[in-house]
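Enquirer: Quick one: the structure is below, and I'll ask about it shortly.
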Amino acid sequence: IENKMSHIRNAAAIAQGDADLLKSTSVLYVEDDPDIREQLSRYLERRVGKLYTAANGLEGLEAWRRHKHDVVVTDIMMPVMDGLRMAETMRLESPSLPIIVVSAFNETEFLLKAIDLGIDKYVIKPINTELLLQAIRKSAAGVKADMEMRLAATVFDASSDAILITDSGNRIIDVNAAFCEITGYSREEALGQTPAILSSGRQDAELYHALWENVKETGRWSGEAWSRRKNGELYTEWLTINSVKNNLGETTHYVAIFADITEHKQAEENVHRLAHYDVLTELPNRMLFIDRFRQALINAQRKRCRAAVMFMDLDRFKVIND
């Protein structure tokens with residue numbers, strides 16, 4: 001019963017996801033027959049986000065140029081401009097635009113032309129509405145996936161943090177512009193290498209072992225690390241490593257994101273030094289003494305031993321210091 005209920009819930013979630021996808025989709029429907037256009041429009045209006053209609057290919061082309069619909073559904077034989085000519089013009093301007101052809105013509109010439117244009121679906125009249133809706137849903141999913149890929153590519157290229165992608169064997173397959181700027185390596189120099197080209201030599205094998213064990217167990221790791229630029233200069237980075245898995249749970253890629261925090265670390269160290277060391281003599285000041293004294297007391301209490309403090313006075317040192 002639990003398995004059946006789980007399947008029902010999953011099916012309901014998928015159905016809801018499909019409905020939500022359609023409700024966010026803009027469709028252009030081009031049909032010269034007013035009765036067919038009206039009937040199918042009433043069916044689609046209740047299921048898609050926005051529906052626009054046109055009576056011929058020229059009207060459809062003008063409407064698409066104004067609104068840039070996600071999916072186009074069109075008849076073939078129409079006055080002024082037929083559906084295939086319209087589709088051909090649209091594809092020249094937007095090669096990835098999904099176009100679905102609905103027509104009573106089932107002749108080889110039209111089918112071959114549709115194939116040449118890369119038409120996504122050919123639906124024969126009388127139209128099976130469920131089949132048409134499935135084609136629109138599939139096309140909308142492709143549009144969404146394409147948009148997500150383009151967005152990811154934009155983020156990848158525009159990120160101010162360095163991004164490094166490796167395959168499961170830890171060979172670099174892609175880097176972004178920030179990686180090249182921070183490390184000094186060009187994309188061509190980095191591809192095919194391992195992240196070891198950035199090794200600073202300042203971290204021992206234990207840290208790397210713990211790092212990769214954590215990635216294998218939890219899928220990610222974050223922390224500070226030292227790296228080396230192409231010119232040999234060392235820098236501090238904040239590094240995050242994530243593993244990418246397929247549907248079988250197998251690791252297919254690793255994604256490393258890091259930012260150069262050298263200046264930030266230096267600023268922190270400067271603030272710490274100003275707070276704990278005298279500017280003139282560079283000797284530890286009273287604040288650092290109190291900090292170390294407290295640590296000594298805590299350590300003495302923990303070990304149940306004594307802590308000795310010696311006070312040494314320098315005659316007339318105040319005059320010299322002033």
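Naming works like this for the structure tokens: A, B, ... for the chains as they're shown, residue 1 at the start of each chain, ligands 1 onward in shown order.
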Might you pull out every residue within 9 Å of Thr262 of chain A, with only C-alpha atoms counted and same-chain residues fewer than 2 positions away left off, and present them as a PDB file with all heavy atoms, in the first residue's frame?
Expert:
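Result written to around-v2.pdb:
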```pdb
ATOM      1  N   LEU A 234      52.471  32.713  -4.322  1.00  0.00           N
ATOM      2  CA  LEU A 234      51.500  32.034  -3.471  1.00  0.00           C
ATOM      3  C   LEU A 234      50.328  32.957  -3.161  1.00  0.00           C
ATOM      4  O   LEU A 234      50.489  34.170  -3.076  1.00  0.00           O
ATOM      5  CB  LEU A 234      52.155  31.583  -2.166  1.00  0.00           C
ATOM      6  CG  LEU A 234      53.239  30.511  -2.272  1.00  0.00           C
ATOM      7  CD1 LEU A 234      53.848  30.249  -0.895  1.00  0.00           C
ATOM      8  CD2 LEU A 234      52.694  29.225  -2.857  1.00  0.00           C
ATOM      9  N   TYR A 235      49.148  32.370  -2.993  1.00  0.00           N
ATOM     10  CA  TYR A 235      47.984  33.154  -2.587  1.00  0.00           C
ATOM     11  C   TYR A 235      47.065  32.271  -1.744  1.00  0.00           C
ATOM     12  O   TYR A 235      47.096  31.041  -1.814  1.00  0.00           O
ATOM     13  CB  TYR A 235      47.234  33.709  -3.801  1.00  0.00           C
ATOM     14  CG  TYR A 235      46.599  32.667  -4.702  1.00  0.00           C
ATOM     15  CD1 TYR A 235      45.263  32.304  -4.568  1.00  0.00           C
ATOM     16  CD2 TYR A 235      47.341  32.043  -5.698  1.00  0.00           C
ATOM     17  CE1 TYR A 235      44.683  31.361  -5.393  1.00  0.00           C
ATOM     18  CE2 TYR A 235      46.769  31.100  -6.536  1.00  0.00           C
ATOM     19  CZ  TYR A 235      45.443  30.763  -6.376  1.00  0.00           C
ATOM     20  OH  TYR A 235      44.866  29.821  -7.201  1.00  0.00           O
ATOM     21  N   THR A 236      46.266  32.928  -0.917  1.00  0.00           N
ATOM     22  CA  THR A 236      45.294  32.230  -0.078  1.00  0.00           C
ATOM     23  C   THR A 236      43.934  32.274  -0.760  1.00  0.00           C
ATOM     24  O   THR A 236      43.550  33.306  -1.319  1.00  0.00           O
ATOM     25  CB  THR A 236      45.185  32.897   1.307  1.00  0.00           C
ATOM     26  OG1 THR A 236      46.488  33.120   1.821  1.00  0.00           O
ATOM     27  CG2 THR A 236      44.415  32.019   2.270  1.00  0.00           C
ATOM     28  N   GLU A 237      43.222  31.165  -0.712  1.00  0.00           N
ATOM     29  CA  GLU A 237      41.912  31.107  -1.362  1.00  0.00           C
ATOM     30  C   GLU A 237      40.884  30.511  -0.420  1.00  0.00           C
ATOM     31  O   GLU A 237      41.226  29.749   0.497  1.00  0.00           O
ATOM     32  CB  GLU A 237      41.982  30.252  -2.638  1.00  0.00           C
ATOM     33  CG  GLU A 237      42.308  28.790  -2.368  1.00  0.00           C
ATOM     34  CD  GLU A 237      42.510  27.973  -3.631  1.00  0.00           C
ATOM     35  OE1 GLU A 237      42.566  28.560  -4.713  1.00  0.00           O
ATOM     36  OE2 GLU A 237      42.618  26.727  -3.515  1.00  0.00           O
ATOM     37  N   ASP A 260      40.213  34.475  -4.421  1.00  0.00           N
ATOM     38  CA  ASP A 260      41.504  34.916  -3.889  1.00  0.00           C
ATOM     39  C   ASP A 260      41.230  35.831  -2.694  1.00  0.00           C
ATOM     40  O   ASP A 260      40.690  36.921  -2.850  1.00  0.00           O
ATOM     41  CB  ASP A 260      42.270  35.663  -4.982  1.00  0.00           C
ATOM     42  CG  ASP A 260      43.672  36.071  -4.534  1.00  0.00           C
ATOM     43  OD1 ASP A 260      43.972  35.962  -3.327  1.00  0.00           O
ATOM     44  OD2 ASP A 260      44.458  36.504  -5.390  1.00  0.00           O
ATOM     45  N   HIS A 264      42.461  40.116   1.794  1.00  0.00           N
ATOM     46  CA  HIS A 264      41.608  40.081   2.994  1.00  0.00           C
ATOM     47  C   HIS A 264      42.380  39.507   4.180  1.00  0.00           C
ATOM     48  O   HIS A 264      42.307  40.041   5.295  1.00  0.00           O
ATOM     49  CB  HIS A 264      40.368  39.241   2.709  1.00  0.00           C
ATOM     50  CG  HIS A 264      39.472  39.055   3.895  1.00  0.00           C
ATOM     51  ND1 HIS A 264      38.716  40.082   4.421  1.00  0.00           N
ATOM     52  CD2 HIS A 264      39.219  37.963   4.675  1.00  0.00           C
ATOM     53  CE1 HIS A 264      38.035  39.633   5.465  1.00  0.00           C
ATOM     54  NE2 HIS A 264      38.320  38.354   5.641  1.00  0.00           N
ATOM     55  N   LYS A 265      43.129  38.421   3.936  1.00  0.00           N
ATOM     56  CA  LYS A 265      43.916  37.812   5.009  1.00  0.00           C
ATOM     57  C   LYS A 265      45.009  38.761   5.489  1.00  0.00           C
ATOM     58  O   LYS A 265      45.264  38.873   6.687  1.00  0.00           O
ATOM     59  CB  LYS A 265      44.547  36.503   4.515  1.00  0.00           C
ATOM     60  CG  LYS A 265      43.554  35.398   4.254  1.00  0.00           C
ATOM     61  CD  LYS A 265      42.900  34.889   5.529  1.00  0.00           C
ATOM     62  CE  LYS A 265      43.888  34.168   6.407  1.00  0.00           C
ATOM     63  NZ  LYS A 265      43.252  33.636   7.625  1.00  0.00           N
ATOM     64  N   GLN A 266      45.657  39.460   4.541  1.00  0.00           N
ATOM     65  CA  GLN A 266      46.688  40.419   4.919  1.00  0.00           C
ATOM     66  C   GLN A 266      46.107  41.554   5.750  1.00  0.00           C
ATOM     67  O   GLN A 266      46.726  42.009   6.724  1.00  0.00           O
ATOM     68  CB  GLN A 266      47.369  40.970   3.659  1.00  0.00           C
ATOM     69  CG  GLN A 266      48.262  39.952   2.960  1.00  0.00           C
ATOM     70  CD  GLN A 266      48.794  40.454   1.641  1.00  0.00           C
ATOM     71  OE1 GLN A 266      48.308  41.460   1.093  1.00  0.00           O
ATOM     72  NE2 GLN A 266      49.791  39.759   1.090  1.00  0.00           N
ATOM     73  N   ALA A 267      44.922  42.017   5.376  1.00  0.00           N
ATOM     74  CA  ALA A 267      44.258  43.079   6.149  1.00  0.00           C
ATOM     75  C   ALA A 267      43.935  42.595   7.554  1.00  0.00           C
ATOM     76  O   ALA A 267      44.108  43.330   8.544  1.00  0.00           O
ATOM     77  CB  ALA A 267      42.980  43.518   5.431  1.00  0.00           C
TER      78      ALA A 267
END
```
Enquirer: Do you know which residues are at most 8 Å from Val143 of chain A counting only C-alpha atoms, after dropping those on the same chain fewer than 3 positions away, and could you put them as JSON, numbers by chain?
Expert: {"A": [70, 97, 98, 139, 140, 146, 147]}
Enquirer: Go ahead and write the selection's residues with N, CA and C atoms as an mmCIF file, in the first residue's frame.
Expert:
```cif
data_model
loop_
_atom_site.group_PDB
_atom_site.id
_atom_site.type_symbol
_atom_site.label_atom_id
_atom_site.label_comp_id
_atom_site.auth_asym_id
_atom_site.auth_seq_id
_atom_site.Cartn_x
_atom_site.Cartn_y
_atom_site.Cartn_z
ATOM 1 N N ASP A 70 7.155 31.160 -26.749
ATOM 2 C CA ASP A 70 8.012 30.011 -26.432
ATOM 3 C C ASP A 70 7.855 28.890 -27.452
ATOM 4 N N LEU A 97 13.952 27.782 -31.747
ATOM 5 C CA LEU A 97 12.516 27.949 -31.505
ATOM 6 C C LEU A 97 11.766 26.650 -31.800
ATOM 7 N N PRO A 98 10.987 26.095 -30.844
ATOM 8 C CA PRO A 98 10.204 24.881 -31.104
ATOM 9 C C PRO A 98 8.995 25.203 -31.989
ATOM 10 N N SER A 139 8.086 20.469 -25.914
ATOM 11 C CA SER A 139 8.792 21.631 -26.459
ATOM 12 C C SER A 139 9.068 22.665 -25.377
ATOM 13 N N ALA A 140 8.076 22.885 -24.486
ATOM 14 C CA ALA A 140 8.251 23.843 -23.384
ATOM 15 C C ALA A 140 9.368 23.398 -22.451
ATOM 16 N N ASP A 146 16.907 24.736 -22.159
ATOM 17 C CA ASP A 146 17.836 25.574 -22.926
ATOM 18 C C ASP A 146 18.094 26.895 -22.216
ATOM 19 N N MET A 147 17.040 27.477 -21.628
ATOM 20 C CA MET A 147 17.180 28.737 -20.902
ATOM 21 C C MET A 147 18.059 28.551 -19.663
#
```
Enquirer: Excluding Ile100 of chain A and residues on its chain fewer than 3 positions from it, collect all residues at most 12 Å away from it, counting only C-alpha atoms, and give them as a PyMOL selection string.
Expert: chain A and resi 27-30+70-76+83-84+87+97+103+114-115+117-124+131-140
Enquirer: I want to know what sits within 8 Å of Thr194 of chain A, based on only C-alpha atoms, with residues of the same chain fewer than 6 positions away left out; could you give that as a ChimeraX atom specification?
Expert: /A:166,170-172
Enquirer: Produce a file of the selected residues containing all heavy atoms, as a compact mmCIF listing (two decimals), in the first residue's frame.
Expert:
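Contents of selection21.txt, as written:
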```txt
# COMPACT_ATOMS: atom_id res chain seq x y z
N THR A 166 36.16 19.42 -13.34
CA THR A 166 36.96 18.26 -13.74
C THR A 166 36.04 17.07 -14.00
O THR A 166 34.89 17.04 -13.56
CB THR A 166 37.98 17.86 -12.65
OG1 THR A 166 37.28 17.24 -11.56
CG2 THR A 166 38.74 19.07 -12.13
N ASN A 170 39.45 13.59 -12.29
CA ASN A 170 40.06 14.83 -11.80
C ASN A 170 40.90 15.55 -12.87
O ASN A 170 41.82 16.30 -12.55
CB ASN A 170 40.92 14.58 -10.55
CG ASN A 170 40.86 15.75 -9.58
OD1 ASN A 170 39.90 16.52 -9.59
ND2 ASN A 170 41.88 15.90 -8.77
N ARG A 171 40.56 15.33 -14.14
CA ARG A 171 41.18 16.08 -15.24
C ARG A 171 40.32 17.29 -15.56
O ARG A 171 39.09 17.19 -15.68
CB ARG A 171 41.32 15.20 -16.49
CG ARG A 171 42.32 14.07 -16.34
CD ARG A 171 43.73 14.59 -16.46
NE ARG A 171 44.72 13.57 -16.15
CZ ARG A 171 46.03 13.79 -16.13
NH1 ARG A 171 46.49 15.01 -16.36
NH2 ARG A 171 46.87 12.83 -15.83
N ILE A 172 40.95 18.44 -15.71
CA ILE A 172 40.21 19.69 -15.94
C ILE A 172 39.58 19.67 -17.33
O ILE A 172 40.26 19.45 -18.33
CB ILE A 172 41.16 20.90 -15.81
CG1 ILE A 172 41.74 20.98 -14.39
CG2 ILE A 172 40.41 22.20 -16.14
CD1 ILE A 172 42.82 22.03 -14.22
```
Enquirer: List the neighbours of Asp278 of chain A out to 12 Å using only C-alpha atoms; skip same-chain residues closer than 6 positions along the sequence, and give me the result as number ranges by chain.
Expert: A: 272, 284-289, 321
Enquirer: Just write the chosen residues, C-alpha atoms, as an mmCIF file, in the first residue's frame.
Expert:
```cif
data_model
loop_
_atom_site.group_PDB
_atom_site.id
_atom_site.type_symbol
_atom_site.label_atom_id
_atom_site.label_comp_id
_atom_site.auth_asym_id
_atom_site.auth_seq_id
_atom_site.Cartn_x
_atom_site.Cartn_y
_atom_site.Cartn_z
ATOM 1 C CA HIS A 272 45.707 41.846 14.501
ATOM 2 C CA PRO A 284 54.086 42.764 22.172
ATOM 3 C CA ASN A 285 51.726 45.186 23.941
ATOM 4 C CA ARG A 286 49.578 44.940 27.068
ATOM 5 C CA MET A 287 46.583 43.469 25.159
ATOM 6 C CA LEU A 288 48.673 40.555 23.871
ATOM 7 C CA PHE A 289 50.159 40.081 27.376
ATOM 8 C CA ASN A 321 59.761 55.767 25.050
#
```
Enquirer: Taking the DSSP secondary structure from the backbone, can you list the residues of segment 113-253 of chain A that are strand (DSSP E or B), as a ChimeraX atom specification?
Expert: /A:121-124,162-167,172-175,199,220-228,234-245,251-253
Enquirer: I want to know what sits within 12 Å of Thr251 of chain A, based on only C-alpha atoms, with residues of the same chain fewer than 2 positions away left out; could you give that as a ChimeraX atom specification?
Expert: /A:166-170,215-217,219-220,242-249,253-255
Enquirer: Just to be explicit: take each residue in the selection above, keep N, CA, C and O atoms, and write the result as a short mmCIF file (atom, residue, chain, number, x, y, z; two decimals), in the first residue's frame.
Expert:
```cif
data_model
loop_
_atom_site.label_atom_id
_atom_site.label_comp_id
_atom_site.auth_asym_id
_atom_site.auth_seq_id
_atom_site.Cartn_x
_atom_site.Cartn_y
_atom_site.Cartn_z
N THR A 166 36.16 19.42 -13.34
CA THR A 166 36.96 18.26 -13.74
C THR A 166 36.04 17.07 -14.00
O THR A 166 34.89 17.04 -13.56
N ASP A 167 36.58 16.07 -14.71
CA ASP A 167 35.83 14.83 -14.89
C ASP A 167 36.04 13.95 -13.65
O ASP A 167 36.67 14.37 -12.68
N SER A 168 35.51 12.74 -13.67
CA SER A 168 35.61 11.86 -12.50
C SER A 168 37.05 11.47 -12.21
O SER A 168 37.39 11.10 -11.09
N GLY A 169 37.93 11.57 -13.22
CA GLY A 169 39.35 11.27 -13.03
C GLY A 169 40.15 12.48 -12.59
O GLY A 169 41.38 12.43 -12.56
N ASN A 170 39.45 13.59 -12.29
CA ASN A 170 40.06 14.83 -11.80
C ASN A 170 40.90 15.55 -12.87
O ASN A 170 41.82 16.30 -12.55
N VAL A 215 34.74 14.96 0.72
CA VAL A 215 33.99 15.10 -0.54
C VAL A 215 33.30 13.79 -0.88
O VAL A 215 32.13 13.78 -1.31
N LYS A 216 33.98 12.67 -0.69
CA LYS A 216 33.38 11.36 -1.00
C LYS A 216 32.21 11.04 -0.08
O LYS A 216 31.21 10.47 -0.50
N GLU A 217 32.33 11.43 1.19
CA GLU A 217 31.29 11.10 2.17
C GLU A 217 30.08 12.04 2.09
O GLU A 217 28.93 11.61 2.16
N GLY A 219 29.86 14.85 -0.28
CA GLY A 219 29.65 15.48 -1.59
C GLY A 219 30.21 16.88 -1.70
O GLY A 219 30.15 17.48 -2.77
N ARG A 220 30.77 17.41 -0.60
CA ARG A 220 31.33 18.77 -0.69
C ARG A 220 32.37 19.01 0.40
O ARG A 220 32.43 18.28 1.40
N ASN A 242 32.51 20.59 -4.87
CA ASN A 242 31.27 19.82 -4.90
C ASN A 242 31.39 18.68 -5.90
O ASN A 242 31.97 18.88 -6.99
N SER A 243 30.86 17.51 -5.56
CA SER A 243 30.82 16.41 -6.51
C SER A 243 29.48 16.43 -7.25
O SER A 243 28.46 16.80 -6.68
N VAL A 244 29.50 16.04 -8.52
CA VAL A 244 28.28 15.97 -9.34
C VAL A 244 28.01 14.50 -9.63
O VAL A 244 28.88 13.80 -10.13
N LYS A 245 26.79 14.05 -9.32
CA LYS A 245 26.46 12.64 -9.49
C LYS A 245 25.37 12.46 -10.54
O LYS A 245 24.56 13.36 -10.77
N ASN A 246 25.34 11.28 -11.17
CA ASN A 246 24.29 10.96 -12.13
C ASN A 246 23.11 10.29 -11.41
O ASN A 246 23.09 10.21 -10.18
N ASN A 247 22.14 9.81 -12.19
CA ASN A 247 20.94 9.22 -11.58
C ASN A 247 21.24 7.95 -10.80
O ASN A 247 20.43 7.53 -9.96
N LEU A 248 22.37 7.33 -11.08
CA LEU A 248 22.75 6.10 -10.38
C LEU A 248 23.57 6.38 -9.13
O LEU A 248 23.99 5.46 -8.43
N GLY A 249 23.80 7.66 -8.85
CA GLY A 249 24.59 8.03 -7.67
C GLY A 249 26.08 7.96 -7.91
O GLY A 249 26.87 8.06 -6.96
N HIS A 253 31.53 14.29 -12.17
CA HIS A 253 32.35 15.50 -12.27
C HIS A 253 32.59 16.07 -10.87
O HIS A 253 31.88 15.74 -9.92
N TYR A 254 33.58 16.94 -10.80
CA TYR A 254 33.83 17.75 -9.60
C TYR A 254 33.84 19.22 -10.03
O TYR A 254 34.39 19.57 -11.09
N VAL A 255 33.22 20.06 -9.21
CA VAL A 255 33.21 21.51 -9.47
C VAL A 255 33.88 22.21 -8.29
O VAL A 255 33.44 22.06 -7.15
#
```
Enquirer: Have a look at A:Glu45, A:Asp33, A:Glu38, A:Glu130 and name the one nearest to Met78 of chain A; count only C-alpha atoms.
Expert: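 When distances to Met78 of chain A are compared using only C-alpha atoms, the smallest one comes from A:Asp33.
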Enquirer: Quote the spacing between atom CA of Lys23 of chain A and atom CA of Ile127 of chain A in Å to one decimal place.
Expert: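 The value is 21.1 Å.
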Enquirer: Write out as a count of residues only the set of residues from segment 25-274 of chain A that DSSP, computed on the backbone, places in helix (DSSP H, G or I).
Expert: 116
Enquirer: When you look at Met90 of chain A with a cut-off of 9 Å (counting only C-alpha atoms), what residues show up, excluding the ones that are within fewer than 6 positions of it in the same chain? I need them as a ChimeraX atom specification.
Expert: /A:61,64-65,97
Enquirer: Which is closest to Ile99 of chain A among A:Gly49, A:Gly142, A:Pro34, A:Pro126, if we use only C-alpha atoms?
Expert: A:Gly142
Enquirer: Using only C-alpha atoms, pick whichever of A:Met86, A:Ile257, A:Leu297, A:Asn128 has the shortest atom-to-atom distance to Leu40 of chain A.
Expert: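 Of all the options, A:Asn128 lies closest to Leu40 of chain A.
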Enquirer: Out of A:Asp315, A:Glu206, A:Ile261, A:Asn214, which residue has the shortest atom-to-atom distance to Ser227 of chain A when counting only C-alpha atoms?
Expert: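 Among the listed residues, A:Ile261 lies closest to Ser227 of chain A.
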